[in-house]
>>> print(open('query_1.csv').read())   # CSV, C-alpha atoms (C1' of nucleotides)
chain,number,residue,atom,x,y,z
A,157,MET,CA,75.8,-254.0,75.7
A,158,LYS,CA,77.8,-252.0,73.3
A,159,LYS,CA,75.9,-250.6,70.4
A,160,ARG,CA,78.7,-250.4,68.1
A,161,LEU,CA,82.2,-251.7,67.6
A,162,ALA,CA,85.0,-249.3,67.3
A,163,ALA,CA,85.8,-251.3,64.2
A,164,ASN,CA,83.0,-249.3,62.6
A,165,THR,CA,84.3,-246.0,63.5
A,166,LYS,CA,87.1,-246.1,60.9
A,167,ILE,CA,89.7,-245.2,63.4
A,168,ALA,CA,90.9,-248.5,64.7
A,169,ASP,CA,89.9,-252.2,64.8
A,170,VAL,CA,89.4,-253.3,68.3
A,171,SER,CA,87.8,-256.5,69.5
A,172,TYR,CA,85.8,-256.8,72.7
A,173,GLN,CA,88.4,-259.1,74.0
A,174,GLU,CA,91.2,-256.7,73.4
A,175,ALA,CA,89.2,-253.9,75.0
A,176,ALA,CA,88.6,-256.0,78.1
A,177,LEU,CA,92.3,-256.8,78.4
A,178,ILE,CA,93.3,-253.2,78.1
A,179,GLY,CA,90.8,-252.3,80.7
A,180,GLN,CA,91.9,-254.9,83.2
A,181,ARG,CA,95.6,-254.1,82.8
A,182,LEU,CA,95.0,-250.3,83.1
A,183,LEU,CA,92.8,-250.6,86.2
A,184,THR,CA,95.2,-252.9,87.9
A,185,TRP,CA,98.2,-250.6,87.1
A,186,TYR,CA,96.3,-247.5,88.2
A,187,GLU,CA,95.4,-248.9,91.6
A,188,GLU,CA,99.0,-249.6,92.2
A,189,LYS,CA,100.7,-246.5,90.7
A,190,LYS,CA,98.3,-243.6,90.9
A,191,ARG,CA,99.5,-240.4,92.4
A,192,ASP,CA,98.0,-239.1,95.6
A,193,LEU,CA,96.5,-235.8,94.2
A,194,PRO,CA,94.4,-233.6,96.5
A,195,TRP,CA,91.3,-233.7,94.3
A,196,ARG,CA,91.5,-237.5,94.4
A,197,ARG,CA,90.7,-237.3,98.1
A,198,THR,CA,87.2,-236.0,97.5
A,199,ARG,CA,84.0,-237.0,95.8
A,200,ASP,CA,82.5,-233.5,95.9
A,201,PRO,CA,81.5,-232.8,92.3
A,202,TYR,CA,82.2,-229.1,92.7
A,203,LYS,CA,85.8,-229.7,93.9
A,204,ILE,CA,86.4,-232.2,91.2
A,205,TRP,CA,85.0,-229.7,88.7
A,206,VAL,CA,87.3,-226.9,89.8
A,207,SER,CA,90.3,-229.2,89.5
A,208,GLU,CA,89.3,-230.2,85.9
A,209,VAL,CA,89.0,-226.6,84.9
A,210,MET,CA,92.3,-225.6,86.4
A,211,LEU,CA,94.0,-228.6,84.8
A,212,GLN,CA,93.0,-227.5,81.3
A,213,GLN,CA,96.3,-226.9,79.5
A,214,THR,CA,98.0,-226.6,82.9
A,215,ARG,CA,100.4,-228.9,84.7
A,216,VAL,CA,99.4,-230.8,87.8
A,217,GLU,CA,102.3,-229.4,89.9
A,218,THR,CA,101.2,-225.9,88.9
A,219,VAL,CA,97.6,-226.5,89.8
A,220,ILE,CA,98.0,-228.1,93.2
A,221,PRO,CA,98.7,-224.9,95.2
A,222,TYR,CA,96.1,-223.0,93.3
A,223,TRP,CA,93.4,-225.6,93.9
A,224,GLU,CA,94.2,-225.8,97.6
A,225,ARG,CA,93.9,-222.0,98.0
A,226,PHE,CA,90.8,-221.8,95.7
A,227,ILE,CA,88.9,-224.5,97.6
A,228,ASP,CA,89.9,-222.9,100.9
A,229,LYS,CA,88.6,-219.6,99.8
A,230,PHE,CA,85.5,-220.9,97.9
A,231,PRO,CA,84.7,-224.2,99.6
A,232,THR,CA,81.2,-224.5,98.1
A,233,ILE,CA,79.2,-223.7,95.0
A,234,GLN,CA,77.4,-221.1,97.0
A,235,ALA,CA,80.7,-219.4,98.2
A,236,LEU,CA,81.9,-219.1,94.6
A,237,ALA,CA,78.6,-218.0,93.3
A,238,HIS,CA,78.3,-215.1,95.7
A,239,ALA,CA,82.0,-214.0,95.6
A,240,PRO,CA,83.0,-210.8,93.9
A,241,GLU,CA,84.3,-211.5,90.5
A,242,GLU,CA,87.5,-209.5,91.3
A,243,GLU,CA,88.3,-211.9,94.1
A,244,VAL,CA,87.9,-214.9,91.8
A,245,LEU,CA,90.1,-213.4,89.2
A,246,LYS,CA,92.7,-212.6,91.9
A,247,ALA,CA,92.6,-216.2,93.0
A,248,TRP,CA,93.3,-217.2,89.4
A,249,GLU,CA,96.1,-214.8,88.9
A,250,GLY,CA,99.1,-216.5,87.3
A,251,LEU,CA,97.2,-219.6,86.1
A,252,GLY,CA,96.4,-218.1,82.7
A,253,TYR,CA,93.4,-218.5,80.4
A,254,TYR,CA,91.4,-216.2,82.7
A,255,SER,CA,88.1,-216.8,80.9
A,256,ARG,CA,88.2,-220.2,82.7
A,257,ALA,CA,87.6,-218.4,86.0
A,258,ARG,CA,84.9,-216.1,84.6
A,259,ASN,CA,83.1,-219.1,83.0
A,260,LEU,CA,83.4,-221.2,86.1
A,261,GLN,CA,81.8,-218.6,88.3
A,262,ALA,CA,79.0,-218.0,85.7
A,263,ALA,CA,78.5,-221.7,85.5
A,264,VAL,CA,78.3,-222.1,89.3
A,265,ARG,CA,75.8,-219.3,89.5
A,266,GLU,CA,73.7,-221.2,86.9
A,267,VAL,CA,74.0,-224.4,88.9
A,268,GLU,CA,72.7,-222.6,91.9
A,269,GLU,CA,69.8,-221.0,90.1
A,270,ARG,CA,68.7,-223.7,87.7
A,271,TYR,CA,69.8,-226.9,89.4
A,272,GLY,CA,69.3,-226.1,93.1
A,273,GLY,CA,73.1,-226.0,93.8
A,274,GLN,CA,73.6,-229.6,92.6
A,275,VAL,CA,76.1,-230.1,89.8
A,276,PRO,CA,74.0,-231.7,87.1
A,277,ASP,CA,74.7,-235.4,86.3
A,278,THR,CA,73.7,-235.7,82.7
A,279,LEU,CA,75.9,-235.0,79.7
A,280,GLU,CA,73.4,-232.7,78.1
A,281,GLU,CA,72.9,-230.5,81.2
A,282,ILE,CA,76.5,-230.3,82.4
A,283,SER,CA,77.8,-229.6,78.8
A,284,SER,CA,75.5,-226.6,78.5
A,285,LEU,CA,77.3,-224.8,81.3
A,286,PRO,CA,79.8,-222.1,80.2
A,287,GLY,CA,83.4,-223.4,80.1
A,288,VAL,CA,82.3,-227.1,80.2
A,289,GLY,CA,83.3,-228.7,77.0
A,290,SER,CA,83.5,-232.3,75.9
A,291,TYR,CA,86.5,-233.3,78.1
A,292,THR,CA,85.4,-231.5,81.3
A,293,ALA,CA,81.8,-232.8,81.0
A,294,GLY,CA,83.1,-236.4,80.7
A,295,ALA,CA,85.7,-236.0,83.4
A,296,VAL,CA,83.2,-234.6,86.0
A,297,LEU,CA,80.5,-237.0,85.1
A,298,SER,CA,82.7,-240.1,85.2
A,299,ILE,CA,84.8,-239.2,88.2
A,300,ALA,CA,82.2,-237.6,90.4
A,301,TYR,CA,79.1,-239.6,89.4
A,302,ASP,CA,80.5,-242.9,87.9
A,303,VAL,CA,78.8,-242.3,84.6
A,304,ASP,CA,80.3,-244.4,81.8
A,305,VAL,CA,81.3,-241.5,79.5
A,306,PRO,CA,84.8,-240.9,78.1
A,307,ALA,CA,87.1,-238.0,79.1
A,308,VAL,CA,89.5,-237.5,76.2
A,309,ASP,CA,92.3,-235.0,76.9
A,310,GLY,CA,95.7,-234.6,75.4
A,311,ASN,CA,97.0,-237.6,77.4
A,312,VAL,CA,94.3,-239.9,76.2
A,313,LEU,CA,94.8,-238.8,72.6
A,314,ARG,CA,98.5,-239.6,72.9
A,315,VAL,CA,98.0,-243.0,74.6
A,316,LEU,CA,95.3,-244.1,72.1
A,317,ALA,CA,97.2,-242.8,69.1
A,318,ARG,CA,100.2,-245.0,70.1
A,319,LEU,CA,98.2,-248.0,71.4
A,320,PHE,CA,96.3,-248.3,68.1
A,321,LEU,CA,98.9,-246.7,65.8
A,322,ILE,CA,96.5,-243.9,64.7
A,323,GLU,CA,98.3,-241.5,62.3
A,324,GLN,CA,95.5,-238.9,61.9
A,325,ASP,CA,96.1,-235.4,63.0
A,326,ILE,CA,94.8,-235.1,66.6
A,327,MET,CA,94.4,-231.4,66.3
A,328,LYS,CA,91.4,-231.9,64.1
A,329,GLN,CA,88.1,-231.9,65.8
A,330,ARG,CA,86.6,-234.6,63.6
A,331,VAL,CA,89.5,-236.9,64.6
A,332,ARG,CA,88.9,-236.2,68.2
A,333,LYS,CA,85.3,-237.2,67.9
A,334,ARG,CA,86.6,-240.6,66.7
A,335,PHE,CA,88.9,-240.9,69.6
A,336,GLU,CA,86.0,-240.3,72.0
A,337,GLU,CA,84.1,-243.1,70.4
A,338,LEU,CA,87.1,-245.4,70.8
A,339,ALA,CA,87.6,-244.3,74.4
A,340,GLU,CA,84.0,-245.0,75.2
A,341,PHE,CA,84.2,-248.4,73.7
A,342,LEU,CA,87.2,-249.2,75.9
A,343,ILE,CA,85.5,-248.3,79.2
A,344,PRO,CA,85.0,-251.4,81.4
A,345,PRO,CA,81.3,-251.1,82.4
A,346,GLY,CA,80.8,-249.2,85.6
A,347,ARG,CA,84.5,-248.3,85.9
A,348,ALA,CA,84.7,-245.1,84.0
A,349,ALA,CA,85.9,-243.1,87.0
A,350,SER,CA,89.1,-245.2,87.4
A,351,PHE,CA,89.5,-246.1,83.8
A,352,ASN,CA,89.4,-242.5,82.5
A,353,GLN,CA,91.9,-241.4,85.1
A,354,ALA,CA,94.1,-244.4,84.5
A,355,LEU,CA,94.3,-243.5,80.8
A,356,MET,CA,95.3,-239.9,81.7
A,357,GLU,CA,97.7,-241.1,84.4
A,358,LEU,CA,99.4,-243.4,82.0
A,359,GLY,CA,99.8,-240.5,79.5
A,360,ALA,CA,101.1,-238.2,82.2
A,361,THR,CA,103.6,-240.5,83.8
A,362,VAL,CA,104.6,-243.3,81.3
A,363,CYS,CA,103.3,-242.6,77.8
A,364,ILE,CA,104.8,-239.1,77.9
A,365,PRO,CA,105.3,-237.0,74.8
A,366,LYS,CA,108.9,-237.6,74.1
A,367,VAL,CA,110.9,-240.6,75.1
A,368,PRO,CA,108.0,-242.6,76.4
A,369,ARG,CA,108.8,-245.0,79.3
A,370,CYS,CA,107.7,-248.1,77.4
A,371,PRO,CA,109.5,-250.6,79.7
A,372,GLN,CA,107.2,-249.4,82.6
A,373,CYS,CA,104.0,-249.6,80.5
A,374,PRO,CA,101.3,-252.1,81.4
A,375,LEU,CA,100.1,-252.0,77.8
A,376,GLN,CA,103.5,-252.5,76.1
A,377,SER,CA,102.7,-255.9,74.7
A,378,LEU,CA,99.4,-254.6,73.3
A,379,CYS,CA,100.9,-251.4,71.8
A,380,ARG,CA,100.8,-251.3,68.0
A,381,ALA,CA,103.1,-248.3,67.9
A,382,TYR,CA,105.7,-250.0,70.1
A,383,ALA,CA,105.6,-253.1,68.0
A,384,GLU,CA,106.5,-250.9,65.0
A,385,GLY,CA,108.9,-248.7,66.8
A,386,MET,CA,106.6,-245.8,66.0
A,387,GLN,CA,105.9,-244.5,69.5
A,388,GLU,CA,108.1,-241.4,69.2
A,389,GLU,CA,106.4,-240.4,66.0
A,390,LEU,CA,102.9,-240.3,67.5
A,391,PRO,CA,100.6,-238.6,67.9
A,392,VAL,CA,100.6,-236.6,64.7
A,393,LYS,CA,99.9,-232.9,65.4
A,394,GLY,CA,99.6,-230.0,63.0
A,395,LYS,CA,102.2,-227.3,63.4
A,396,LYS,CA,101.3,-224.0,64.9
A,397,LYS,CA,102.2,-220.5,63.9
A,398,PRO,CA,104.9,-218.5,65.6
A,399,PRO,CA,103.7,-215.7,67.9
A,400,ARG,CA,102.9,-212.4,66.2
A,401,PRO,CA,105.1,-209.5,67.6
A,402,VAL,CA,103.2,-206.6,69.2
A,403,ASP,CA,105.0,-203.4,70.4
A,404,LEU,CA,103.3,-201.6,73.2
A,405,VAL,CA,104.0,-198.3,75.0
A,406,THR,CA,103.2,-198.3,78.7
A,407,GLY,CA,102.9,-195.2,80.9
A,408,ILE,CA,103.5,-195.5,84.6
A,409,VAL,CA,102.0,-192.4,86.1
A,410,ARG,CA,102.9,-191.6,89.7
A,411,SER,CA,101.3,-189.0,91.9
A,412,GLY,CA,103.0,-189.2,95.3
A,413,ASP,CA,102.9,-192.8,96.3
A,414,ARG,CA,100.0,-193.6,94.0
A,415,VAL,CA,100.0,-195.1,90.5
A,416,LEU,CA,97.3,-195.1,87.8
A,417,ILE,CA,96.1,-198.5,86.7
A,418,VAL,CA,93.3,-199.5,84.3
A,419,LYS,CA,91.1,-202.5,83.8
A,420,ARG,CA,91.2,-204.4,80.6
A,421,PRO,CA,88.0,-205.1,78.7
A,422,LEU,CA,86.0,-208.1,79.8
A,423,GLN,CA,86.4,-209.8,76.5
A,424,GLY,CA,89.6,-210.9,74.7
A,425,LEU,CA,93.2,-211.1,75.9
A,426,LEU,CA,93.7,-211.0,79.7
A,427,ALA,CA,90.0,-210.1,80.1
A,428,GLY,CA,89.2,-208.1,83.2
A,429,MET,CA,92.8,-207.9,84.5
A,430,TRP,CA,94.4,-204.7,85.7
A,431,GLU,CA,97.5,-203.2,84.0
A,432,PHE,CA,99.4,-200.0,83.6
A,433,PRO,CA,97.9,-198.0,80.7
A,434,SER,CA,99.2,-199.4,77.4
A,435,LEU,CA,98.8,-198.8,73.7
A,436,GLU,CA,100.0,-200.5,70.6
A,437,ILE,CA,102.7,-198.3,69.2
A,438,ASN,CA,102.0,-196.3,66.1
A,439,GLU,CA,105.3,-196.5,64.3
A,440,ARG,CA,104.7,-193.4,62.3
A,441,VAL,CA,104.9,-191.0,65.3
A,442,THR,CA,107.3,-190.7,68.2
A,443,ILE,CA,107.1,-192.6,71.5
A,444,GLU,CA,106.3,-189.3,73.2
A,445,GLU,CA,103.4,-188.8,70.9
A,446,ASN,CA,102.2,-192.3,71.4
A,447,LEU,CA,102.2,-191.8,75.2
A,448,GLN,CA,100.3,-188.5,74.8
A,449,SER,CA,97.8,-190.2,72.6
A,450,LEU,CA,97.4,-192.9,75.2
A,451,PHE,CA,96.6,-190.6,78.0
A,452,ASP,CA,94.5,-188.3,75.9
A,453,ARG,CA,92.1,-191.1,75.6
A,454,LEU,CA,92.1,-191.6,79.4
A,455,GLY,CA,91.6,-187.9,80.0
A,456,GLN,CA,94.8,-187.5,82.0
A,457,ARG,CA,97.3,-184.9,81.0
A,458,ILE,CA,100.9,-186.1,81.6
A,459,GLU,CA,104.5,-185.2,81.1
A,460,VAL,CA,106.9,-188.0,80.1
A,461,GLU,CA,109.8,-188.2,82.6
A,462,THR,CA,112.1,-191.1,81.6
A,463,PHE,CA,112.3,-194.5,80.1
A,464,PHE,CA,111.7,-197.1,82.7
A,465,ALA,CA,112.0,-200.6,81.4
A,466,LYS,CA,111.5,-202.9,78.4
A,467,VAL,CA,109.6,-206.1,79.2
A,468,GLU,CA,109.2,-209.0,76.8
A,469,HIS,CA,106.5,-211.5,77.3
A,470,THR,CA,105.4,-214.4,75.0
A,471,PHE,CA,101.8,-215.7,74.9
A,472,SER,CA,100.7,-218.7,72.9
A,473,HIS,CA,100.0,-216.5,69.9
A,474,ILE,CA,101.4,-213.0,70.6
A,475,HIS,CA,104.8,-211.7,71.6
A,476,TRP,CA,104.7,-208.5,73.6
A,477,ASN,CA,107.4,-205.9,73.5
A,478,LEU,CA,106.4,-203.6,76.3
A,479,HIS,CA,108.2,-200.2,76.5
A,480,ALA,CA,107.5,-198.6,79.8
A,481,TYR,CA,108.0,-194.9,80.6
A,482,LEU,CA,107.6,-193.1,83.9
A,483,CYS,CA,105.2,-190.1,83.6
A,484,LYS,CA,104.2,-187.2,85.8
A,485,PRO,CA,100.6,-186.2,85.9
A,486,ILE,CA,99.6,-182.6,85.2
A,487,LEU,CA,96.8,-181.7,87.6
A,488,PRO,CA,94.0,-182.4,88.0
A,489,LEU,CA,94.1,-186.2,88.4
A,490,VAL,CA,91.4,-188.0,86.4
A,491,PRO,CA,88.7,-189.3,88.8
A,492,GLU,CA,88.5,-193.0,89.5
A,493,THR,CA,86.0,-195.1,87.7
A,494,GLU,CA,85.2,-198.8,87.4
A,495,GLU,CA,88.1,-199.2,85.1
A,496,MET,CA,90.6,-196.7,86.4
A,497,ARG,CA,92.2,-196.4,89.8
A,498,TRP,CA,94.9,-194.5,91.7
A,499,VAL,CA,96.5,-197.2,93.8
A,500,ASN,CA,99.2,-197.0,96.4
A,501,VAL,CA,102.3,-198.8,95.1
A,502,TYR,CA,102.3,-201.1,98.1
A,503,GLU,CA,98.7,-202.1,97.5
A,504,LEU,CA,99.0,-203.1,93.9
A,505,HIS,CA,99.2,-206.7,95.0
A,506,GLN,CA,95.5,-206.7,95.8
A,507,TYR,CA,94.7,-206.4,92.1
A,508,ALA,CA,95.1,-209.2,89.5
A,509,PHE,CA,97.8,-208.4,87.0
A,510,PRO,CA,99.1,-210.3,84.0
A,511,VAL,CA,102.7,-211.5,84.4
A,512,ALA,CA,104.1,-209.0,82.0
A,513,HIS,CA,103.0,-206.2,84.3
A,514,THR,CA,104.0,-207.9,87.5
A,515,LYS,CA,107.5,-207.7,86.2
A,516,LEU,CA,107.0,-203.9,86.1
A,517,ILE,CA,105.6,-203.9,89.6
A,518,GLN,CA,108.7,-205.7,90.9
A,519,ALA,CA,110.9,-203.2,89.3
A,520,LEU,CA,108.8,-200.4,90.7
A,521,ASN,CA,108.8,-201.8,94.3
A,522,GLY,CA,112.6,-202.2,94.1
A,523,MET,CA,112.9,-198.6,93.1
A,524,VAL,CA,110.5,-196.9,95.6
B,215,DT,C1',88.4,-224.9,60.3
B,216,DA,C1',91.6,-222.2,62.3
B,217,DA,C1',92.3,-218.5,65.8
B,218,DT,C1',92.1,-217.0,70.2
B,219,DC,C1',93.2,-217.4,74.9
B,220,DG,C1',98.5,-217.7,79.6
B,221,DT,C1',101.9,-219.4,82.0
B,222,DG,C1',105.9,-221.9,83.8
B,223,DG,C1',108.7,-226.1,83.3
B,224,DG,C1',111.8,-229.1,80.8
B,225,DC,C1',115.3,-230.0,77.7
C,123,DT,C1',118.5,-219.9,74.9
C,124,DG,C1',114.6,-220.9,72.4
C,125,DC,C1',111.2,-223.9,71.7
C,126,DC,C1',107.8,-227.4,72.9
C,127,DC,C1',104.2,-228.2,75.4
C,128,DA,C1',100.3,-229.3,79.6
C,129,DA,C1',93.9,-233.0,82.5
C,130,DG,C1',90.7,-227.5,76.4
C,131,DA,C1',86.8,-224.2,75.4
C,132,DT,C1',84.9,-220.9,72.5
C,133,DT,C1',84.0,-218.5,68.3
>>> encode(input="query_1.csv", output="structure tokens")
Amino acid sequence: MKKRLAANTKIADVSYQEAALIGQRLLTWYEEKKRDLPWRRTRDPYKIWVSEVMLQQTRVETVIPYWERFIDKFPTIQALAHAPEEEVLKAWEGLGYYSRARNLQAAVREVEERYGGQVPDTLEEISSLPGVGSYTAGAVLSIAYDVDVPAVDGNVLRVLARLFLIEQDIMKQRVRKRFEELAEFLIPPGRAASFNQALMELGATVCIPKVPRCPQCPLQSLCRAYAEGMQEELPVKGKKKPPRPVDLVTGIVRSGDRVLIVKRPLQGLLAGMWEFPSLEINERVTIEENLQSLFDRLGQRIEVETFFAKVEHTFSHIHWNLHAYLCKPILPLVPETEEMRWVNVYELHQYAFPVAHTKLIQALNGMV
DNA sequence: TAATCGTGGGC
DNA sequence: TGCCCAAGATT
């Protein structure tokens, strides 16, 4: 029995009857129309968990090949827990949001130590794992363990905002909390696994962000936004700032067939990834001096040879202008450390690089 | 609360 | 071409 009507949540008025109808239509539609995705062919909580983490802010088509390779390489919690971190990061290369990979491995290690290798099946325990927030906890619990908890992602926010004509800003955390209560109220008892996925599937394939396919929607006759012709105006989202420009100077130091690469700090942007030594440009001095300053810090004397390439790359919040120069080391070469390696140009592919630097590697391989 | 944290696809 | 955005979490 439901403790509380969504009517009391101040976000939408929904009767039990309407909720039941939505559930029936959605479940029927889902059974008929659901896509055949690889992680829907397993009940292994670990594999489902991996898929949910990869799918965070990432398209299904992008994730599929990554998930296949990742599960192939790390088929169990134990395999992932005992793998070198470098290997995990390499498997994640190109997916973005690399802290997801680091958190996932940390979480899996915790599962092995604290929960005997079994993914916990309570909201409190699974939510305490690093990288497992409200959505991922709900998704894994409902899909893998059939627990009746909501899993509210961007799709669900959009579907519910339209279905109930909710005009509050979905970017606000307080509003999301309300959506979770609403989503929970809608779950047909015992059917959270299919219902949560149905809600997401509808958002991904029918109730899409722009020009929703309302004629194909099983909920059209129940949709308050559609009734008002408001479907394209919802959901309401706050606007985001444009990316901040950052100018970087990058030194590609070659000694024979080897190149100097450095590892980024384990916190912050592109944490733990390898790159060619780079430094935010100090506009008050010359490029030459910026490069000298960069390699002073690394303990490597160099001589600047020529300009190599300019690479632009835009992140969600930063726009990189990367000015790359070829440099010649003045002996002796700095010794290798944990964060600094001399690597054969043809072996750079063994290291995980951000996309901005893979562009440089391509140019380098084309040249050598 | 508002920032931070990536990337590739679609229009 | 530039911009929006996609199965979010953390601080």
>>> atom_distance(input="query_1.csv", atom1="atom CA of A:Gly407", atom2="atom CA of A:Gln456")
11.2 Å
>>> residues_near_point(input="query_1.csv", point="(100.8, -190.6, 88.0)", cutoff="10 Å", atoms="all atoms listed in the file", output="list of chain:residue names")
A:Gly407, A:Ile408, A:Val409, A:Arg410, A:Ser411, A:Gly412, A:Asp413, A:Arg414, A:Val415, A:Leu416, A:Ile417, A:Gln456, A:Arg457, A:Ile458, A:Glu459, A:Leu482, A:Cys483, A:Lys484, A:Pro485, A:Ile486, A:Leu487, A:Leu489, A:Val490, A:Trp498, A:Val499
>>> write_last_selection(input="query_1.csv", atoms="C-alpha atoms", output="PDB file, in the coordinates of the input")
ATOM      1  CA  GLY A 407     102.900-195.200  80.900  1.00  0.00           C
ATOM      2  CA  ILE A 408     103.500-195.500  84.600  1.00  0.00           C
ATOM      3  CA  VAL A 409     102.000-192.400  86.100  1.00  0.00           C
ATOM      4  CA  ARG A 410     102.900-191.600  89.700  1.00  0.00           C
ATOM      5  CA  SER A 411     101.300-189.000  91.900  1.00  0.00           C
ATOM      6  CA  GLY A 412     103.000-189.200  95.300  1.00  0.00           C
ATOM      7  CA  ASP A 413     102.900-192.800  96.300  1.00  0.00           C
ATOM      8  CA  ARG A 414     100.000-193.600  94.000  1.00  0.00           C
ATOM      9  CA  VAL A 415     100.000-195.100  90.500  1.00  0.00           C
ATOM     10  CA  LEU A 416      97.300-195.100  87.800  1.00  0.00           C
ATOM     11  CA  ILE A 417      96.100-198.500  86.700  1.00  0.00           C
ATOM     12  CA  GLN A 456      94.800-187.500  82.000  1.00  0.00           C
ATOM     13  CA  ARG A 457      97.300-184.900  81.000  1.00  0.00           C
ATOM     14  CA  ILE A 458     100.900-186.100  81.600  1.00  0.00           C
ATOM     15  CA  GLU A 459     104.500-185.200  81.100  1.00  0.00           C
ATOM     16  CA  LEU A 482     107.600-193.100  83.900  1.00  0.00           C
ATOM     17  CA  CYS A 483     105.200-190.100  83.600  1.00  0.00           C
ATOM     18  CA  LYS A 484     104.200-187.200  85.800  1.00  0.00           C
ATOM     19  CA  PRO A 485     100.600-186.200  85.900  1.00  0.00           C
ATOM     20  CA  ILE A 486      99.600-182.600  85.200  1.00  0.00           C
ATOM     21  CA  LEU A 487      96.800-181.700  87.600  1.00  0.00           C
ATOM     22  CA  LEU A 489      94.100-186.200  88.400  1.00  0.00           C
ATOM     23  CA  VAL A 490      91.400-188.000  86.400  1.00  0.00           C
ATOM     24  CA  TRP A 498      94.900-194.500  91.700  1.00  0.00           C
ATOM     25  CA  VAL A 499      96.500-197.200  93.800  1.00  0.00           C
TER      26      VAL A 499
END
>>> residues_around(input="query_1.csv", residues="C:DA128", least_positions_apart="5", cutoff="12 Å", atoms="all atoms listed in the file", output="PyMOL selection string")
(chain A and resi 210-219+309-311+356+359-360+364-365) or (chain B and resi 220-224)
>>> closest_atom_pairs(input="query_1.csv", of="chain C", to="chain A", cutoff="7 Å", atoms="only C-alpha atoms (C1' of nucleotides)", output="tab-separated table")
residue	atom	partner	partner_atom	distance
C:DA128	C1'	A:Gln213	CA	4.7
C:DA129	C1'	A:Leu211	CA	5.0
C:DG130	C1'	A:Gln212	CA	5.4
C:DA131	C1'	A:Gly287	CA	5.9
>>> residues_near_point(input="query_1.csv", point="(83.9, -225.7, 59.6)", cutoff="10 Å", atoms="all atoms listed in the file", output="PDB file with C-alpha atoms (C1' of nucleotides), keeping the file's coordinate frame")
ATOM      1  CA  GLN A 329      88.100-231.900  65.800  1.00  0.00           C
TER       2      GLN A 329
ATOM      3  C1'  DT B 215      88.400-224.900  60.300  1.00  0.00           C
ATOM      4  C1'  DA B 216      91.600-222.200  62.300  1.00  0.00           C
TER       5       DA B 216
END
